[in-house]
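input01.cif, holding mmCIF, C-alpha atoms:
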data_start
#
loop_
_atom_site.label_atom_id
_atom_site.label_comp_id
_atom_site.auth_asym_id
_atom_site.auth_seq_id
_atom_site.Cartn_x
_atom_site.Cartn_y
_atom_site.Cartn_z
CA MET A 1 10.30 -4.08 -16.65
CA ARG A 2 9.71 -7.44 -14.98
CA GLN A 3 6.72 -9.70 -14.57
CA ALA A 4 6.55 -12.22 -11.75
CA ALA A 5 3.90 -14.31 -10.04
CA ALA A 6 4.66 -13.42 -6.44
CA LYS A 7 2.13 -10.59 -6.20
CA PRO A 8 -1.62 -11.15 -6.71
CA ARG A 9 -3.11 -9.58 -9.79
CA ARG A 10 -5.47 -6.66 -9.65
CA ARG A 11 -7.87 -6.33 -12.54
CA CYS A 12 -9.47 -3.23 -13.91
CA THR A 13 -11.04 -3.36 -17.36
CA PRO A 14 -12.12 -0.07 -18.93
CA ILE A 15 -13.51 -0.08 -22.47
CA GLY A 16 -11.20 -1.90 -24.86
CA GLY A 17 -8.17 -4.04 -24.15
CA ALA A 18 -5.33 -3.03 -21.86
CA ASN A 19 -1.95 -4.52 -21.18
CA VAL A 20 -0.21 -2.92 -18.21
CA THR A 21 3.04 -4.37 -16.94
CA ARG A 22 4.74 -2.95 -13.87
CA ARG A 23 7.50 -4.89 -12.18
CA ASP A 24 5.44 -7.74 -10.69
CA ALA A 25 1.86 -6.67 -11.40
CA VAL A 26 -0.38 -7.06 -14.43
CA ILE A 27 -3.65 -5.15 -14.69
CA GLY A 28 -6.24 -6.24 -17.22
CA VAL A 29 -5.53 -8.16 -20.43
CA ARG A 30 -8.14 -8.26 -23.19
CA PRO A 31 -8.54 -9.03 -26.05
CA ALA A 32 -6.13 -11.69 -27.34
CA GLY A 33 -2.56 -10.49 -27.56
CA ASP A 34 -2.23 -11.67 -31.17
CA THR A 35 -5.28 -9.80 -32.49
CA ILE A 36 -4.03 -7.64 -35.35
CA CYS A 37 -5.11 -4.01 -35.06
CA ARG A 38 -4.60 -0.73 -36.87
CA MET A 39 -2.05 1.21 -34.82
CA ALA A 40 -2.48 4.55 -36.64
CA SER A 41 -0.18 7.17 -35.07
CA MET A 42 1.50 4.62 -32.81
CA THR A 43 3.42 3.94 -36.04
CA LYS A 44 5.40 7.14 -35.49
CA PRO A 45 7.63 5.96 -32.60
CA VAL A 46 8.51 2.78 -34.51
CA VAL A 47 9.56 4.88 -37.51
CA ALA A 48 11.76 7.03 -35.27
CA ALA A 49 13.45 3.93 -33.85
CA CYS A 50 14.18 2.68 -37.36
CA ALA A 51 15.70 6.04 -38.28
CA MET A 52 17.94 5.87 -35.21
CA THR A 53 19.35 2.52 -36.34
CA LEU A 54 20.54 4.35 -39.46
CA VAL A 55 22.08 7.10 -37.34
CA GLU A 56 23.88 4.48 -35.28
CA ASP A 57 25.50 2.86 -38.31
CA CYS A 58 26.37 6.32 -39.71
CA THR A 59 24.14 5.96 -42.77
CA LEU A 60 22.33 9.11 -41.63
CA ARG A 61 23.31 11.99 -39.37
CA LEU A 62 20.83 13.92 -37.26
CA ASP A 63 21.96 17.39 -38.30
CA ASP A 64 22.87 16.81 -41.92
CA PRO A 65 20.50 18.17 -44.59
CA VAL A 66 18.29 15.52 -46.15
CA ASP A 67 18.73 17.14 -49.57
CA ASP A 68 21.04 14.46 -50.97
CA LEU A 69 18.46 11.69 -50.44
CA LEU A 70 15.38 13.87 -50.76
CA PRO A 71 16.29 16.41 -53.47
CA GLU A 72 12.59 17.18 -53.83
CA LEU A 73 12.86 19.01 -50.48
CA ALA A 74 15.98 21.03 -51.33
CA ASP A 75 15.82 24.81 -51.70
CA MET A 76 12.32 25.02 -50.26
CA THR A 77 10.22 28.15 -50.11
CA VAL A 78 8.09 29.19 -47.13
CA LEU A 79 4.70 30.89 -47.08
CA ALA A 80 4.93 34.59 -46.29
CA ASP A 81 1.54 34.17 -44.58
CA PRO A 82 0.59 30.64 -43.40
CA ASN A 83 -3.04 31.39 -44.29
CA GLY A 84 -2.21 33.20 -47.52
CA PRO A 85 -1.83 32.27 -51.20
CA LEU A 86 0.60 29.53 -52.20
CA ASP A 87 2.58 31.77 -54.53
CA ASP A 88 3.42 34.38 -51.88
CA THR A 89 6.63 32.91 -50.47
CA VAL A 90 10.08 33.64 -49.12
CA PRO A 91 13.18 31.39 -49.27
CA ALA A 92 13.72 28.87 -46.48
CA ASN A 93 16.34 30.04 -43.99
CA ARG A 94 18.08 26.68 -44.01
CA ALA A 95 17.84 23.09 -45.19
CA ILE A 96 15.67 20.43 -43.54
CA THR A 97 17.53 17.90 -41.37
CA LEU A 98 16.73 14.48 -40.00
CA ARG A 99 16.42 16.06 -36.55
CA ASP A 100 13.69 18.31 -37.98
CA LEU A 101 11.85 15.25 -39.25
CA LEU A 102 12.07 13.34 -35.97
CA THR A 103 11.00 16.34 -33.88
CA PHE A 104 8.25 17.32 -36.35
CA THR A 105 9.81 20.73 -36.93
CA LEU A 106 10.55 20.51 -40.67
CA GLY A 107 8.09 23.34 -41.37
CA THR A 108 5.04 21.54 -42.72
CA GLY A 109 2.40 19.19 -41.41
CA MET A 110 -1.26 18.94 -40.55
CA VAL A 111 -3.10 22.26 -40.88
CA PRO A 112 -6.57 22.04 -39.27
CA ALA A 113 -8.91 24.24 -41.31
CA GLU A 114 -12.30 24.16 -42.96
CA PRO A 115 -12.07 23.25 -46.66
CA GLY A 116 -11.65 26.31 -48.85
CA THR A 117 -10.42 28.58 -46.07
CA VAL A 118 -6.63 28.00 -45.99
CA PRO A 119 -4.91 27.27 -49.34
CA ILE A 120 -2.02 25.23 -47.92
CA ALA A 121 -4.41 23.06 -45.91
CA ASP A 122 -6.35 22.23 -49.08
CA ALA A 123 -3.13 21.54 -50.98
CA LEU A 124 -1.74 19.23 -48.30
CA ASN A 125 -5.05 17.37 -48.15
CA THR A 126 -4.81 16.57 -51.86
CA LEU A 127 -1.40 14.89 -51.68
CA GLY A 128 -3.11 11.49 -51.54
CA GLU A 129 -1.16 8.27 -51.06
CA PRO A 130 0.59 7.55 -54.38
CA PRO A 131 3.88 5.61 -54.49
CA PRO A 132 6.61 7.23 -52.35
CA ASP A 133 8.55 8.94 -55.12
CA GLU A 134 5.43 10.62 -56.45
CA TRP A 135 4.25 11.55 -52.96
CA ILE A 136 7.52 13.27 -52.04
CA ARG A 137 7.54 14.99 -55.45
CA ARG A 138 4.09 16.43 -54.78
CA LEU A 139 5.11 17.55 -51.29
CA GLY A 140 8.19 19.24 -52.69
CA THR A 141 6.11 21.36 -55.06
CA LEU A 142 4.35 22.99 -52.10
CA PRO A 143 5.84 25.71 -49.93
CA LEU A 144 6.56 25.03 -46.28
CA VAL A 145 4.05 26.51 -43.86
CA HIS A 146 6.76 27.79 -41.51
CA GLN A 147 10.53 28.05 -41.49
CA PRO A 148 12.38 24.79 -40.65
CA GLY A 149 12.85 24.53 -36.89
CA GLU A 150 10.37 27.29 -36.09
CA ARG A 151 7.56 25.19 -34.67
CA TRP A 152 6.13 21.70 -34.23
CA MET A 153 3.69 20.50 -36.88
CA TYR A 154 2.02 17.12 -36.75
CA ASP A 155 2.13 14.01 -38.90
CA THR A 156 3.76 14.76 -42.27
CA ALA A 157 7.31 14.52 -40.90
CA ALA A 158 6.83 10.82 -40.12
CA ASP A 159 5.76 10.10 -43.69
CA VAL A 160 8.81 11.99 -44.99
CA THR A 161 11.01 9.97 -42.62
CA GLY A 162 9.66 6.77 -44.15
CA VAL A 163 10.64 7.91 -47.64
CA LEU A 164 14.08 8.94 -46.37
CA ILE A 165 14.61 5.52 -44.74
CA ALA A 166 13.66 3.76 -47.96
CA ARG A 167 16.13 5.76 -50.02
CA ALA A 168 18.89 5.48 -47.42
CA THR A 169 18.58 1.69 -47.29
CA GLY A 170 17.82 1.04 -50.96
CA MET A 171 14.76 -1.03 -50.08
CA SER A 172 11.10 -0.43 -49.46
CA PHE A 173 10.27 1.31 -46.20
CA GLY A 174 8.38 -1.77 -45.01
CA ASP A 175 11.33 -4.05 -45.72
CA ALA A 176 13.71 -1.69 -43.92
CA LEU A 177 11.39 -1.53 -40.93
CA ARG A 178 11.15 -5.30 -40.85
CA GLU A 179 14.90 -5.83 -41.11
CA ARG A 180 15.95 -3.19 -38.59
CA VAL A 181 13.17 -3.19 -35.99
CA CYS A 182 10.48 -5.83 -36.38
CA ASP A 183 12.59 -8.95 -36.96
CA PRO A 184 15.10 -8.18 -34.17
CA LEU A 185 12.19 -7.68 -31.76
CA GLY A 186 10.17 -10.66 -32.98
CA MET A 187 7.32 -8.40 -34.16
CA LYS A 188 6.03 -10.92 -36.69
CA ASP A 189 2.59 -9.35 -37.12
CA THR A 190 3.70 -5.74 -37.55
CA ALA A 191 3.49 -4.55 -41.16
CA PHE A 192 1.66 -2.23 -43.53
CA SER A 193 -0.90 -4.85 -44.52
CA VAL A 194 -2.25 -8.25 -43.48
CA GLY A 195 -2.39 -11.22 -45.78
CA GLY A 196 -2.76 -14.96 -45.98
CA GLU A 197 -4.04 -16.88 -42.99
CA SER A 198 -3.38 -13.91 -40.70
CA ILE A 199 -6.30 -11.94 -42.14
CA GLY A 200 -8.63 -13.82 -39.81
CA ARG A 201 -6.91 -12.14 -36.84
CA LEU A 202 -7.43 -8.59 -38.17
CA ALA A 203 -9.93 -6.80 -35.96
CA THR A 204 -12.80 -4.83 -37.43
CA ALA A 205 -12.59 -1.06 -36.91
CA TYR A 206 -15.78 0.81 -36.05
CA GLU A 207 -17.07 4.35 -36.34
CA ARG A 208 -19.51 6.05 -33.99
CA ASP A 209 -22.78 4.18 -33.46
CA ASN A 210 -25.59 4.74 -35.94
CA ALA A 211 -27.71 7.59 -34.56
CA ALA A 212 -30.96 5.89 -35.62
CA THR A 213 -30.34 2.29 -34.57
CA GLY A 214 -27.58 2.58 -31.98
CA GLU A 215 -25.68 -0.14 -33.82
CA PRO A 216 -21.92 0.20 -34.40
CA VAL A 217 -20.90 1.25 -37.91
CA VAL A 218 -18.00 -0.57 -39.59
CA GLU A 219 -15.22 1.86 -40.59
CA ASP A 220 -12.78 -0.73 -41.94
CA GLY A 221 -13.25 -4.50 -42.03
CA PRO A 222 -10.95 -7.48 -42.63
CA ASP A 223 -11.37 -7.04 -46.40
CA GLY A 224 -10.71 -3.28 -46.25
CA GLN A 225 -7.73 -1.00 -46.61
CA TRP A 226 -5.21 -3.13 -44.71
CA SER A 227 -6.04 -6.40 -46.50
CA ARG A 228 -3.67 -5.54 -49.35
CA PRO A 229 -0.25 -3.84 -49.64
CA PRO A 230 -0.57 -0.06 -49.98
CA ALA A 231 1.04 2.01 -52.71
CA PHE A 232 2.37 4.31 -49.97
CA GLU A 233 3.72 2.82 -46.75
CA GLY A 234 2.87 5.67 -44.42
CA GLY A 235 5.18 6.35 -41.50
CA GLY A 236 2.55 8.62 -39.99
CA GLY A 237 0.05 5.89 -39.28
CA GLY A 238 0.12 2.92 -41.64
CA LEU A 239 1.15 0.01 -39.44
CA VAL A 240 -0.93 -2.83 -38.13
CA SER A 241 0.38 -4.67 -35.11
CA THR A 242 -0.65 -6.64 -32.04
CA ALA A 243 -0.50 -6.00 -28.33
CA ASP A 244 2.20 -8.67 -28.07
CA ASP A 245 4.30 -7.11 -30.84
CA TYR A 246 3.99 -3.58 -29.54
CA LEU A 247 4.82 -4.73 -26.03
CA ALA A 248 8.10 -6.10 -27.38
CA PHE A 249 8.89 -2.69 -28.89
CA ALA A 250 7.88 -0.77 -25.75
CA SER A 251 9.74 -3.17 -23.46
CA ALA A 252 12.92 -2.79 -25.47
CA LEU A 253 12.82 0.99 -25.05
CA LEU A 254 12.10 0.69 -21.33
CA ALA A 255 15.06 -1.68 -21.05
CA GLY A 256 17.37 0.86 -22.66
CA GLY A 257 17.35 -0.70 -26.13
CA THR A 258 17.67 -4.41 -25.38
CA HIS A 259 15.29 -7.29 -26.06
CA HIS A 260 15.83 -10.73 -24.55
CA GLY A 261 19.45 -9.83 -23.89
CA GLU A 262 20.10 -8.65 -27.44
CA ARG A 263 20.74 -4.98 -28.17
CA VAL A 264 18.46 -3.41 -30.78
CA LEU A 265 19.25 0.26 -30.03
CA SER A 266 21.95 1.83 -27.93
CA ARG A 267 20.94 3.26 -24.57
CA PRO A 268 22.02 6.78 -25.68
CA SER A 269 19.71 6.46 -28.71
CA VAL A 270 16.78 5.57 -26.47
CA THR A 271 17.61 8.48 -24.16
CA LEU A 272 17.70 10.83 -27.14
CA MET A 273 14.42 9.54 -28.54
CA THR A 274 12.63 9.90 -25.23
CA SER A 275 13.91 13.36 -24.23
CA ASP A 276 11.97 16.57 -24.83
CA HIS A 277 13.56 18.43 -27.78
CA LEU A 278 11.15 21.34 -28.13
CA THR A 279 12.21 24.76 -26.93
CA ALA A 280 9.93 27.04 -24.96
CA ALA A 281 9.65 29.28 -28.02
CA GLN A 282 8.59 26.35 -30.22
CA LYS A 283 6.01 25.19 -27.68
CA ALA A 284 4.54 28.67 -27.36
CA VAL A 285 3.52 28.72 -31.04
CA SER A 286 2.78 25.01 -31.59
CA GLY A 287 0.05 22.49 -30.90
CA PHE A 288 -3.57 21.89 -31.79
CA TRP A 289 -4.95 24.27 -29.16
CA PRO A 290 -3.60 26.85 -26.69
CA GLY A 291 -1.61 25.22 -23.92
CA TYR A 292 -1.13 22.00 -25.90
CA PHE A 293 2.47 21.71 -24.70
CA ASP A 294 1.90 22.89 -21.12
CA THR A 295 2.40 19.38 -19.71
CA MET A 296 4.33 17.61 -22.46
CA GLY A 297 7.13 17.99 -24.96
CA TRP A 298 8.22 16.02 -28.00
CA GLY A 299 11.04 13.55 -28.42
CA PHE A 300 11.63 11.62 -31.63
CA GLY A 301 8.25 10.50 -32.94
CA MET A 302 6.53 10.60 -29.54
CA SER A 303 5.47 12.85 -26.69
CA VAL A 304 7.36 13.21 -23.41
CA ARG A 305 5.56 14.12 -20.17
CA THR A 306 7.06 17.24 -18.58
CA ARG A 307 4.54 17.97 -15.82
CA ARG A 308 2.23 15.74 -13.78
CA THR A 309 -1.35 16.99 -13.43
CA HIS A 310 -3.25 13.73 -12.77
CA LEU A 311 -2.48 10.35 -11.17
CA GLY A 312 -0.45 9.49 -14.22
CA PRO A 313 1.58 9.29 -16.31
CA SER A 314 4.62 10.44 -14.35
CA VAL A 315 7.06 13.12 -15.49
CA GLY A 316 9.46 11.51 -17.96
CA SER A 317 6.85 9.11 -19.36
CA TYR A 318 6.85 8.84 -23.13
CA GLY A 319 4.65 7.37 -25.84
CA TRP A 320 1.74 8.27 -28.11
CA PRO A 321 -1.89 7.36 -28.92
CA GLY A 322 -3.55 6.58 -32.26
CA PHE A 323 -6.64 7.45 -34.26
CA TYR A 324 -8.41 4.15 -33.61
CA GLY A 325 -8.25 4.36 -29.83
CA THR A 326 -4.83 2.85 -29.30
CA ALA A 327 -2.34 4.25 -26.81
CA TRP A 328 1.07 3.39 -25.43
CA TYR A 329 3.19 4.99 -22.74
CA ASN A 330 6.31 3.89 -20.91
CA ASP A 331 6.72 5.25 -17.37
CA PRO A 332 10.39 4.80 -16.34
CA ALA A 333 9.70 6.16 -12.84
CA GLU A 334 7.27 3.29 -12.24
CA ASP A 335 9.12 0.78 -14.44
CA MET A 336 5.83 0.38 -16.28
CA THR A 337 4.57 -0.08 -19.82
CA THR A 338 0.90 0.54 -20.60
CA ILE A 339 -0.69 -0.41 -23.92
CA PHE A 340 -4.38 0.13 -24.65
CA ILE A 341 -5.97 -1.11 -27.87
CA MET A 342 -9.42 -0.68 -29.29
CA GLN A 343 -10.54 -0.19 -32.87
CA ARG A 344 -12.86 2.78 -32.98
CA ALA A 345 -12.23 5.71 -35.29
CA HIS A 346 -11.68 9.14 -33.71
CA ALA A 347 -11.21 7.56 -30.27
CA GLY A 348 -7.58 8.50 -29.66
CA ASP A 349 -8.12 11.98 -28.18
CA GLN A 350 -6.64 11.74 -24.69
CA ARG A 351 -9.06 14.41 -23.40
CA LEU A 352 -12.00 12.00 -23.70
CA PRO A 353 -13.45 10.79 -20.35
CA THR A 354 -12.62 7.19 -21.28
CA TRP A 355 -8.92 7.99 -21.28
CA LEU A 356 -9.00 10.02 -18.08
CA ASP A 357 -10.70 7.11 -16.34
CA PHE A 358 -8.35 4.59 -17.89
CA TRP A 359 -5.20 6.33 -16.68
CA THR A 360 -6.74 6.82 -13.25
CA ALA A 361 -7.51 3.09 -13.12
CA VAL A 362 -3.96 2.19 -14.13
CA TYR A 363 -2.22 4.39 -11.61
CA GLN A 364 -4.54 3.89 -8.65
CA ALA A 365 -3.82 0.17 -8.95
CA ILE A 366 -0.12 0.65 -8.21
CA ASP A 367 0.49 -0.92 -4.83
CA ASP A 368 4.03 -0.83 -3.46
#
Now that the file is in, can you turn its structure into structure tokens?
Amino acid sequence: MRQAAAKPRRRCTPIGGANVTRRDAVIGVRPAGDTICRMASMTKPVVAACAMTLVEDCTLRLDDPVDDLLPELADMTVLADPNGPLDDTVPANRAITLRDLLTFTLGTGMVPAEPGTVPIADALNTLGEPPPDEWIRRLGTLPLVHQPGERWMYDTAADVTGVLIARATGMSFGDALRERVCDPLGMKDTAFSVGGESIGRLATAYERDNAATGEPVVEDGPDGQWSRPPAFEGGGGGLVSTADDYLAFASALLAGGTHHGERVLSRPSVTLMTSDHLTAAQKAVSGFWPGYFDTMGWGFGMSVRTRRTHLGPSVGSYGWPGFYGTAWYNDPAEDMTTIFIMQRAHAGDQRLPTWLDFWTAVYQAIDD
């Protein structure tokens, strides 16, 4: 991914701030690149990259059981009926591995259901965010929803990966992430909270507009959740970052694991992270709605585009959006990184018209 001044810039500014870099073209940059924002689920790819650094130094292995470091998840039981009572279980067919965590196939995760209708959904929703040891203990008392490796389930695997990284490194998850990913990439504003003089750069997050007045409603302000260190550093969506920081991370992946000439991850690790690991059988029974995996698969902590149905992204593109209207995708075929950041709760659904128009704007601006 290169940026040069030879080609005139084309600007297209949908709602929010976008940073699109393709070879020698830049399309739209707003707001400031050092504005600190809640990245929500864009945390997940960063967590996967940190885990891969531990695989590379042989601290962890992809296909080894995680039981030795996470004994709370050893000898798990599995619900006989995913919608049934919590005490009607069968033994797990096998142990959970790191590969299961990175591909979100460990057997548990987000279960969309109305409160009071599905027991495991209610139980998972009451885990809370206590310190990591207590959180993993609580998770371990619950049965898995499905057998390990059977299907993709969202979110929880990334939180488990964070606890695993902390125990494997003997330090807090945040410290391990800083040492292994953020510091090597110069991501100085990426963390699980914002403090000191930096708090003035933390953007306000908004909810939907007030129905009566039309005014935006504050969901989380500078003195809110991210103004102090959390008890639980959540790998599923706890990071704050900036467009500049996240561009460093995305650029390193697009460059095969290097940043400013220094190697952060091996090229094979990046290839593994950004390849589709889900089988056709897993895709057929997974996702939030029918056909969820018709045009994408799942790598390590991120989606991978498997079929092109609109102007973009291209087949082979990888990345992921977030709850607050953030999104990132690398498109190796176009040598392009796209990062979009806004701070509006529930705005990350890529089916929204805003996103369809945004990706159309990005890809129609490509001019060879």
Produce a table with one row for each residue of range 12-114 of chain A that has an atom at most 7 Å from any atom of range 260-282 of chain A, each row naming the nearest atom pair and its distance in Å at one decimal; use all atoms listed in the file; arrange rows by chain and rising residue number; format as a Markdown table.
| residue | atom | partner | partner_atom | distance |
| --- | --- | --- | --- | --- |
| A:Met52 | CA | A:Ser269 | CA | 6.8 |
| A:Thr53 | CA | A:Leu265 | CA | 6.7 |
| A:Thr103 | CA | A:His277 | CA | 6.9 |
Check: Got a sec: who's within 10 Å of range 238-240 of chain A, counting only C-alpha atoms, leaving out chain neighbours fewer than 2 positions off, as a ChimeraX atom specification?
Finding: /A:35-44,46-47,159,174,189-194,202,226,230,232-236,242,245-246
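Residues in contact with Pro119 in chain A at up to 12 Å, not including ones fewer than 2 positions away on its chain and judged by all atoms listed in the file, are A:Leu79, A:Asp81, A:Pro82, A:Asn83, A:Gly84, A:Pro85, A:Leu86, A:Asp87, A:Asp88, A:Val111, A:Pro112, A:Ala113, A:Glu114, A:Pro115, A:Gly116, A:Thr117, A:Ala121, A:Asp122, A:Ala123, A:Leu124, A:Asn125, A:Thr126, A:Leu142, A:Pro143, A:Val145.
The smallest atom-to-atom distance between Leu254 in chain A and any of A:Ile199, A:Pro332, A:Met171, A:Pro290, using all atoms listed in the file, is found for A:Pro332.
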Residues proximal to (-12.1, 1.2, -33.3) were defined as those with any atom within 7 Å of that point in the file's coordinates, counting all atoms listed in the file. Which are they, as a VMD selection string? chain A and resid 205 to 207 324 to 325 342 to 345
Counting all atoms listed in the file, closest pick from A:Gln364, A:Thr89, A:Ser241, A:Ser303 relative to Ser198 in chain A is A:Ser241
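Shortest separation to Leu62 in chain A among A:Phe300, A:Met76, A:Ala284, A:Val181 occurs at residue A:Phe300, atoms counted being all atoms listed in the file.
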Need the axis-aligned box for range 171-176 of chain A with 5 Å each side, so what are the centre and edges in Å to one decimal, as AutoDock Vina command-line options?
--center_x 11.6 --center_y -1.4 --center_z -47.0 --size_x 16.4 --size_y 15.4 --size_z 16.2
Within 10 Å of (14.2, 15.8, -40.0), in the coordinates the file gives, what residues turn up when you count all atoms listed in the file, written out as a list in words?
Arg61, Leu62, Asp63, Asp64, Pro65, Val66, Ala95, Ile96, Thr97, Leu98, Arg99, Asp100, Leu101, Leu102, Thr103, Phe104, Thr105, Leu106, Gly107, Pro148, Gly149, Ala157, Ala158, Val160, Thr161, Leu164 and Phe300 of chain A
Written selection (C-alpha atoms) as a PDB file, in the frame of the given file:
ATOM      1  CA  ARG A  61      23.310  11.990 -39.370  1.00  0.00           C
ATOM      2  CA  LEU A  62      20.830  13.920 -37.260  1.00  0.00           C
ATOM      3  CA  ASP A  63      21.960  17.390 -38.300  1.00  0.00           C
ATOM      4  CA  ASP A  64      22.870  16.810 -41.920  1.00  0.00           C
ATOM      5  CA  PRO A  65      20.500  18.170 -44.590  1.00  0.00           C
ATOM      6  CA  VAL A  66      18.290  15.520 -46.150  1.00  0.00           C
ATOM      7  CA  ALA A  95      17.840  23.090 -45.190  1.00  0.00           C
ATOM      8  CA  ILE A  96      15.670  20.430 -43.540  1.00  0.00           C
ATOM      9  CA  THR A  97      17.530  17.900 -41.370  1.00  0.00           C
ATOM     10  CA  LEU A  98      16.730  14.480 -40.000  1.00  0.00           C
ATOM     11  CA  ARG A  99      16.420  16.060 -36.550  1.00  0.00           C
ATOM     12  CA  ASP A 100      13.690  18.310 -37.980  1.00  0.00           C
ATOM     13  CA  LEU A 101      11.850  15.250 -39.250  1.00  0.00           C
ATOM     14  CA  LEU A 102      12.070  13.340 -35.970  1.00  0.00           C
ATOM     15  CA  THR A 103      11.000  16.340 -33.880  1.00  0.00           C
ATOM     16  CA  PHE A 104       8.250  17.320 -36.350  1.00  0.00           C
ATOM     17  CA  THR A 105       9.810  20.730 -36.930  1.00  0.00           C
ATOM     18  CA  LEU A 106      10.550  20.510 -40.670  1.00  0.00           C
ATOM     19  CA  GLY A 107       8.090  23.340 -41.370  1.00  0.00           C
ATOM     20  CA  PRO A 148      12.380  24.790 -40.650  1.00  0.00           C
ATOM     21  CA  GLY A 149      12.850  24.530 -36.890  1.00  0.00           C
ATOM     22  CA  ALA A 157       7.310  14.520 -40.900  1.00  0.00           C
ATOM     23  CA  ALA A 158       6.830  10.820 -40.120  1.00  0.00           C
ATOM     24  CA  VAL A 160       8.810  11.990 -44.990  1.00  0.00           C
ATOM     25  CA  THR A 161      11.010   9.970 -42.620  1.00  0.00           C
ATOM     26  CA  LEU A 164      14.080   8.940 -46.370  1.00  0.00           C
ATOM     27  CA  PHE A 300      11.630  11.620 -31.630  1.00  0.00           C
TER      28      PHE A 300
END
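Pairwise distance (CA of Glu334 in chain A, CA of Met187 in chain A) equals 24.8 Å.
Taking CA of Glu179 in chain A and CA of Cys50 in chain A as endpoints, the distance between them is 9.3 Å.
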Practice problem: Could you state which residues are captured by the PyMOL selection byres ((chain A and resi 91) around 7) in this file, as number ranges by chain? | Solution: A: 76-78, 89-90, 92-93
**Message:** Residue by residue, what does the PyMOL selection byres ((chain A and resi 293) around 10) grab here? Present the result as a PyMOL selection string.
**Reply:** chain A and resi 278+280+282-292+294-298+303-307
Keeping only C-alpha atoms, write the selected residues as an mmCIF file, keeping the file's coordinate frame.
data_model
loop_
_atom_site.group_PDB
_atom_site.id
_atom_site.type_symbol
_atom_site.label_atom_id
_atom_site.label_comp_id
_atom_site.auth_asym_id
_atom_site.auth_seq_id
_atom_site.Cartn_x
_atom_site.Cartn_y
_atom_site.Cartn_z
ATOM 1 C CA LEU A 278 11.150 21.340 -28.130
ATOM 2 C CA ALA A 280 9.930 27.040 -24.960
ATOM 3 C CA GLN A 282 8.590 26.350 -30.220
ATOM 4 C CA LYS A 283 6.010 25.190 -27.680
ATOM 5 C CA ALA A 284 4.540 28.670 -27.360
ATOM 6 C CA VAL A 285 3.520 28.720 -31.040
ATOM 7 C CA SER A 286 2.780 25.010 -31.590
ATOM 8 C CA GLY A 287 0.050 22.490 -30.900
ATOM 9 C CA PHE A 288 -3.570 21.890 -31.790
ATOM 10 C CA TRP A 289 -4.950 24.270 -29.160
ATOM 11 C CA PRO A 290 -3.600 26.850 -26.690
ATOM 12 C CA GLY A 291 -1.610 25.220 -23.920
ATOM 13 C CA TYR A 292 -1.130 22.000 -25.900
ATOM 14 C CA ASP A 294 1.900 22.890 -21.120
ATOM 15 C CA THR A 295 2.400 19.380 -19.710
ATOM 16 C CA MET A 296 4.330 17.610 -22.460
ATOM 17 C CA GLY A 297 7.130 17.990 -24.960
ATOM 18 C CA TRP A 298 8.220 16.020 -28.000
ATOM 19 C CA SER A 303 5.470 12.850 -26.690
ATOM 20 C CA VAL A 304 7.360 13.210 -23.410
ATOM 21 C CA ARG A 305 5.560 14.120 -20.170
ATOM 22 C CA THR A 306 7.060 17.240 -18.580
ATOM 23 C CA ARG A 307 4.540 17.970 -15.820
#
Check what the PyMOL selection byres ((chain A and resi 346-359) around 7) selects in the file above and give those residues as a PyMOL selection string. chain A and resi 14+312+321-326+344-345+360-363
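Using all atoms listed in the file, the shortest contact distance between Met302 in chain A and any of A:Asp209, A:Asp155, A:Asp75, A:Asp68 is found at A:Asp155.
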Using all atoms listed in the file, the best pick from A:Ala51, A:Met336, A:Leu311, A:Leu253 as closest to Ala176 in chain A would be A:Ala51
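Here the question is which of A:Leu177, A:Ala203, A:Val118, A:Leu70 gets nearest to Gly224 in chain A using all atoms listed in the file, and that residue is A:Ala203.
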A straight line from CA of Ile341 in chain A to CA of Ala32 in chain A spans 10.6 Å
